[in-house]
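Reproduced below: final-v5.txt, with compact mmCIF, C-alpha atoms.
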```txt
# COMPACT_ATOMS: atom_id res chain seq x y z
CA MET A 231 14.66 -8.95 4.07
CA ILE A 232 10.91 -9.45 4.06
CA ARG A 233 11.03 -10.99 7.55
CA LEU A 234 12.93 -7.91 8.75
CA GLY A 235 10.34 -5.58 7.25
CA VAL A 236 12.73 -4.21 4.62
CA CYS A 237 10.84 -3.30 1.46
CA LEU A 238 13.64 -2.61 -0.99
CA PRO A 239 13.41 -4.05 -4.50
CA VAL A 240 16.23 -6.51 -5.20
CA VAL A 241 17.93 -7.17 -8.52
CA PHE A 242 19.69 -10.51 -8.12
CA ILE A 243 22.95 -10.79 -10.07
CA THR A 244 25.00 -13.99 -10.27
CA GLY A 245 27.75 -15.50 -12.33
CA HIS A 246 26.70 -19.07 -11.59
CA GLY A 247 22.91 -19.05 -11.65
CA ASP A 248 20.56 -21.75 -12.74
CA ILE A 249 16.80 -21.99 -13.16
CA GLU A 250 16.26 -23.29 -9.63
CA MET A 251 18.21 -20.37 -8.16
CA ALA A 252 16.28 -17.89 -10.30
CA VAL A 253 12.94 -19.36 -9.21
CA ARG A 254 13.96 -19.24 -5.53
CA ALA A 255 15.14 -15.64 -5.86
CA MET A 256 11.92 -14.54 -7.56
CA LYS A 257 9.73 -16.38 -5.03
CA ALA A 258 11.68 -14.68 -2.25
CA GLY A 259 10.79 -11.31 -3.72
CA ALA A 260 13.58 -10.43 -6.12
CA LEU A 261 12.42 -7.96 -8.74
CA ASP A 262 14.74 -9.29 -11.42
CA PHE A 263 17.39 -11.97 -11.91
CA LEU A 264 20.40 -11.28 -14.09
CA SER A 265 22.97 -13.90 -14.95
CA LYS A 266 26.47 -12.82 -15.94
CA PRO A 267 27.40 -11.84 -18.50
CA PHE A 268 24.48 -9.48 -19.06
CA ARG A 269 24.04 -6.49 -21.32
CA GLY A 270 24.50 -3.08 -19.75
CA GLN A 271 21.03 -2.07 -20.94
CA ASP A 272 19.48 -5.06 -19.12
CA PHE A 273 21.10 -3.85 -15.91
CA ILE A 274 19.94 -0.26 -16.47
CA ASP A 275 16.40 -1.47 -17.20
CA ALA A 276 16.34 -3.62 -14.05
CA VAL A 277 17.61 -0.77 -11.85
CA THR A 278 15.20 1.71 -13.45
CA GLU A 279 12.29 -0.63 -12.72
CA ALA A 280 13.55 -1.16 -9.16
CA ILE A 281 13.64 2.60 -8.58
CA ALA A 282 10.09 2.96 -9.95
CA VAL A 283 8.82 0.12 -7.74
CA ASP A 284 10.52 1.63 -4.69
CA ARG A 285 9.02 5.05 -5.46
CA CYS A 286 5.52 3.51 -5.63
CA ASN A 287 6.09 1.59 -2.39
CA ARG A 288 7.23 4.75 -0.60
CA LEU A 289 4.22 6.71 -1.86
CA ALA A 290 1.89 3.95 -0.64
CA LEU A 291 3.56 4.00 2.78
CA GLN A 292 3.22 7.78 2.90
CA CYS A 293 -0.49 7.49 2.06
CA ASP A 294 -0.90 4.95 4.87
CA ASP A 295 0.82 7.32 7.29
CA ASP A 296 -1.40 10.20 6.15
CA LEU A 297 -4.55 8.11 6.64
CA ARG A 298 -3.45 7.05 10.11
CA ALA A 299 -2.75 10.69 11.03
CA ARG A 300 -6.19 11.76 9.77
CA PHE A 301 -7.87 8.87 11.57
CA ALA A 302 -6.15 9.92 14.80
CA THR A 303 -7.89 13.32 14.57
CA LEU A 304 -11.38 11.76 14.57
CA SER A 305 -13.46 11.84 17.72
CA ALA A 306 -14.61 8.58 19.31
CA ARG A 307 -18.07 9.09 17.78
CA GLU A 308 -16.63 9.79 14.33
CA ARG A 309 -14.60 6.58 14.55
CA GLU A 310 -17.72 4.66 15.53
CA VAL A 311 -19.65 6.08 12.58
CA MET A 312 -16.73 5.31 10.28
CA ALA A 313 -16.66 1.70 11.45
CA MET A 314 -20.37 1.36 10.68
CA ALA A 315 -19.90 2.90 7.22
CA GLU A 316 -16.93 0.66 6.54
CA SER A 317 -18.96 -2.40 7.45
CA GLY A 318 -21.39 -1.49 4.69
CA LEU A 319 -24.22 0.16 6.60
CA MET A 320 -25.76 3.03 4.67
CA ASN A 321 -26.80 6.33 6.29
CA LYS A 322 -30.53 5.55 6.52
CA PRO A 323 -30.20 2.10 8.12
CA ARG A 324 -27.64 3.50 10.54
CA ASP A 325 -30.07 6.25 11.49
CA ALA A 326 -32.78 3.70 12.21
CA GLN A 327 -30.42 1.30 13.95
CA ASP A 328 -28.70 3.86 16.13
CA GLY A 329 -31.46 6.44 16.47
CA GLY A 330 -29.03 9.22 15.58
CA ALA A 331 -28.71 11.75 12.84
CA TYR A 332 -25.66 11.65 10.59
CA VAL A 333 -24.14 14.09 8.21
CA CYS A 334 -21.76 12.65 5.62
CA GLY A 335 -20.05 14.48 2.82
CA SER A 336 -17.28 13.95 0.32
CA ARG A 337 -14.59 16.54 -0.01
CA GLU A 338 -13.86 17.92 -3.45
CA ASP A 339 -10.13 17.62 -2.83
CA GLY A 340 -10.37 13.80 -2.72
CA ARG A 341 -9.39 13.50 0.93
CA GLY A 342 -12.32 11.24 1.72
CA THR A 343 -15.59 11.47 3.57
CA ARG A 344 -16.09 12.86 7.02
CA CYS A 345 -19.12 11.63 8.92
CA VAL A 346 -20.37 13.27 12.06
CA GLY A 347 -23.07 11.77 14.19
```

Entire entry expressed as structure tokens:
Amino acid sequence: MIRLGVCLPVVFITGHGDIEMAVRAMKAGALDFLSKPFRGQDFIDAVTEAIAVDRCNRLALQCDDDLRARFATLSAREREVMAMAESGLMNKPRDAQDGGAYVCGSREDGRGTRCVG
């Protein structure tokens, strides 16, 4: 599933599992490994955790999509300034290095910093 880009949490259930199989399943990305017979509550707990993990994964993917969409709205110059800021250059050294004036500010709504040069 990982090779195919599928990011669903897996709860591995088997009636004939052993330690080696459990280790392989977990290394391959299984969220949990249940060997039959198992308690109903163990199954509910595993599925509940899988749903929570999937929800977090989906939110992270949505955040990535939002960031890409915002980045796409930046001008070429804003992208250049962002690359310099990301590389660790502070405003003053960038001013001296590039000979330009920059205005950077953080938004109160937590949507990041927008730099214009």

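From CA of Asp284 in chain A back to CA of Leu238 in chain A, the distance works out to 6.4 Å.
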
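The gap separating CA of Lys257 in chain A from CA of Ile274 in chain A is 22.2 Å, in Å to one decimal.
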
task = Please return, as a PyMOL selection string, all polymer residues that have at least one atom within 9 Å of the point (26.7, -18.3, -12.9); use all atoms listed in the file and the file's own coordinate frame.
result = chain A and resi 243-248+265-267

Only C-alpha atoms, please: the residues just picked out, written as a CSV table (one decimal), in the coordinates of the input.
```csv
chain,number,residue,atom,x,y,z
A,243,ILE,CA,23.0,-10.8,-10.1
A,244,THR,CA,25.0,-14.0,-10.3
A,245,GLY,CA,27.8,-15.5,-12.3
A,246,HIS,CA,26.7,-19.1,-11.6
A,247,GLY,CA,22.9,-19.0,-11.6
A,248,ASP,CA,20.6,-21.8,-12.7
A,265,SER,CA,23.0,-13.9,-15.0
A,266,LYS,CA,26.5,-12.8,-15.9
A,267,PRO,CA,27.4,-11.8,-18.5
```

remark   = Shortest contact to Met256 in chain A, candidates A:Phe268, A:Phe242, A:Phe273, A:Phe301, atoms counted all atoms listed in the file, goes to A:Phe242

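Taking CA of Leu264 in chain A and CA of Gly235 in chain A as endpoints, the distance between them is 24.3 Å.
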
task = Select, from A:Phe263, A:Cys293, A:Arg300, A:Ser305, the residue with the minimum atom-to-atom distance to Glu250 in chain A, counting only C-alpha atoms.
result = A:Phe263
